[in-house]
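Written below as structure tokens is the structure these notes are about.
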Amino acid sequence: MPSEVSEFILPQSMILPFETVIPEELMQEAIRLARKAEYQTEPNPIVGALLADPQGNILSSGFHQKPGKAHAEVMALQGFEQVPPEATLYVTLEPCSHFGKTPPCAELLLQKQVKQVVVGCLDPNPLVAGRGVALLREKGVQVKVGLCEQDCIDLNPVFNKHIVTHLPYVTLKAATSLDGKIAMPSGESQWITGAEARAYGHLLRSRHQAIVVGSQTLLKDNPQLTNRIEPGQRQPIRIAFSSLGNIQEETSFLQNQETQRIVVAGCEIKDKQLQFLQSMGVKVLVAPTARPAVRWALEELYTLGICSLLVEGGAELVGSFLQEGLVDQLCLFLSGKLIASPEAPAWCGNLGISHLADVPHFKFKSVKPMGDDLLITGYLQ
Ligand SMILES: [Zn+2]
């Protein structure tokens with residue numbers, strides 16, 4: 001063999017065994033499958049699964065599409081009476097071990113004689129939480145846990161939160177000037193951010209099950225609270241916090257009856273107002289206190305099946321969510337416009353905190369240019 005060719009042959013020690021390279025690609029493929037049903041599976045997580053042979057060829061695959069529909073493992077294994085003994089099942093989330101709307105997937109894996117399983121992350125659901133993996137191992141299945149673990153955990157921020165806390169995942173959305181203002185002193189606010197940021201704001205609405213505003217925002221801005229950019233996307237349930245339920249009949253909130261509307265009111269709401277709202281097709285949740293506590297409202301909304309909420313303001317309501325520590329994510333659209341007037345309203349109301357050590361602290365996750373603006377995403381520490 002001529003020497004210039006032999007140079008290109010890797011010595012044996014440098015050839016990586018395929019197990020160290022291919023499994024991650026297979027798990028990333030399972031993650032891509034899971035994402036096909038993003039925002040469509042609540043209250044369930046999105047999950048992807050695939051069956052591969054030792055050469056890394058994908059024999060079959062599947063993902064969870066909707067609540068009540070087959071789990072990803074069921075989809076991936078449906079073509080087999082028994083899977084080939086050398087095949088490995090890759091699944092982004094631990095197979096379930098409990099009876100939900102469908103029978104446990106761990107049992108199905110045993111029935112189909114799956115011998116090797118690679119799991120992305122454990123299921124935080126207290127009903128599963130390692131039991132699925134334990135059951136498989138007990139029956140002699142080889143199970144590896146934690147491949148691309150953080151990517152698999154990141155697939156399901158909403159599920160990971162609600163299944164453990166029994167509270168919805170809360171995103172705060174704000175569009176502000178460079179100095180954190182949401183309008184001019186006159187109230188003029190259209191538009192602080194540009195068209196691209198506003199379009200993304202509409203997309204955010206369709207990515208949450210419900211959208212929340214305070215009664216002052218309804219009064220001042222009369223927002224439609226719908227996703228008007230992405231046709232065919234889901235429309236969120238609309239929720240207004242209003243202690244006395246004083247919502248004007250002509251507001252878009254009451255006039256547009258396309259999606260469910262909920263008013264969170266306090267115990268001092270007048271019967272007449274309560275009946276009026278109900279006559280407009282609104283569900284009214286009456287808190288035991290004059291001013292509904294955010295935690296109480298979130299518990300109630302969770303029992304109605306709401307797992308994710310987008311809070312759009314106003315400043316007072318945002319302040320209440322932050323004071324009670326009930327915020328998960330911040331999506332801040334930051335404009336380059338500088339308002340710089342003490343009379344201009346800010347996006348968050350007075351938190352009444354004296355020490356810097358006690359203020360809410362968001363840890364930034366990403367900054368994305370969006371037209372002339374920036375979208376800053378962060379998580380409350
Ligand atoms: Zn399952």
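Quick note on naming: the chains in the structure tokens go A, B, ... in the order shown, residues restart at 1 in each chain, and ligands are numbered from 1 in order of appearance.
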Skip Pro288 in chain A itself and residues of its chain fewer than 5 positions away, then list as a PyMOL selection string all residues within 10 Å of it, counting only C-alpha atoms.
chain A and resi 265-268+293+296
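With only C-alpha atoms and all ligand atoms counted, the chains near ligand 1 contribute these residues within 10 Å: Val47, His64, Ala70, His71, Ala72, Glu73, Val74, Leu93, Glu94, Pro95, Cys96, Ser97, His98, Phe99, Gly100, Lys101, Thr102, Pro103, Pro104, Cys105, Ala106, Glu107, Leu108, Leu109, Val128 and Gly132 of chain A.
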Save the residues we just selected, C-alpha atoms, as a compact mmCIF listing (two decimals), in the first residue's frame?
```
# COMPACT_ATOMS: atom_id res chain seq x y z
CA VAL A 47 -42.04 12.17 24.99
CA HIS A 64 -46.92 11.02 22.53
CA ALA A 70 -50.88 6.23 23.24
CA HIS A 71 -47.61 6.93 25.03
CA ALA A 72 -44.43 7.20 22.93
CA GLU A 73 -43.25 3.68 23.86
CA VAL A 74 -46.57 2.19 22.72
CA LEU A 93 -38.58 10.04 29.72
CA GLU A 94 -38.70 7.07 32.09
CA PRO A 95 -41.43 4.58 31.07
CA CYS A 96 -44.46 4.93 33.33
CA SER A 97 -45.22 2.30 35.95
CA HIS A 98 -48.75 3.33 36.95
CA PHE A 99 -52.20 3.10 35.39
CA GLY A 100 -53.21 6.53 34.09
CA LYS A 101 -55.53 6.91 31.11
CA THR A 102 -53.46 4.11 29.53
CA PRO A 103 -51.79 0.98 31.04
CA PRO A 104 -48.18 1.23 32.31
CA CYS A 105 -45.53 1.29 29.59
CA ALA A 106 -42.97 -0.57 31.74
CA GLU A 107 -45.30 -3.63 31.62
CA LEU A 108 -45.62 -3.29 27.85
CA LEU A 109 -41.84 -3.28 27.45
CA VAL A 128 -43.39 7.06 38.87
CA GLY A 132 -40.54 2.43 36.02
```
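If you look at CA of Leu298 in chain A and CA of Gly319 in chain A, they are 15.3 Å away from each other.
Summary of the local environment: counting only C-alpha atoms, residues at most 10 Å from Trp191 in chain A, other than itself and those fewer than 4 positions away along its chain, are Ala175, Thr176, Ile182, Ala183, Ala195, Arg198 and Ser335 of chain A.
Excluding Asp328 in chain A itself and same-chain residues fewer than 3 positions from it, the residues having an atom within 9 Å of it are A:Lys161, A:Tyr169, A:Val170, A:Thr171, A:Leu172, A:Gly325, A:Gly378, A:Tyr379, A:Leu380, A:Gln381, counting only C-alpha atoms.
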Give me a file of those residues, with C-alpha atoms, as a CSV table (one decimal), in the first residue's frame.
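The resulting file, selection03.csv, is shown below:
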```csv
chain,number,residue,atom,x,y,z
A,161,LYS,CA,-43.3,22.0,37.6
A,169,TYR,CA,-46.1,27.0,35.3
A,170,VAL,CA,-46.1,30.8,35.2
A,171,THR,CA,-44.5,32.9,32.6
A,172,LEU,CA,-44.3,36.7,33.0
A,325,GLY,CA,-42.8,33.9,44.6
A,378,GLY,CA,-34.8,34.2,32.5
A,379,TYR,CA,-35.9,32.0,35.4
A,380,LEU,CA,-36.7,33.2,38.9
A,381,GLN,CA,-33.9,32.0,41.2
```
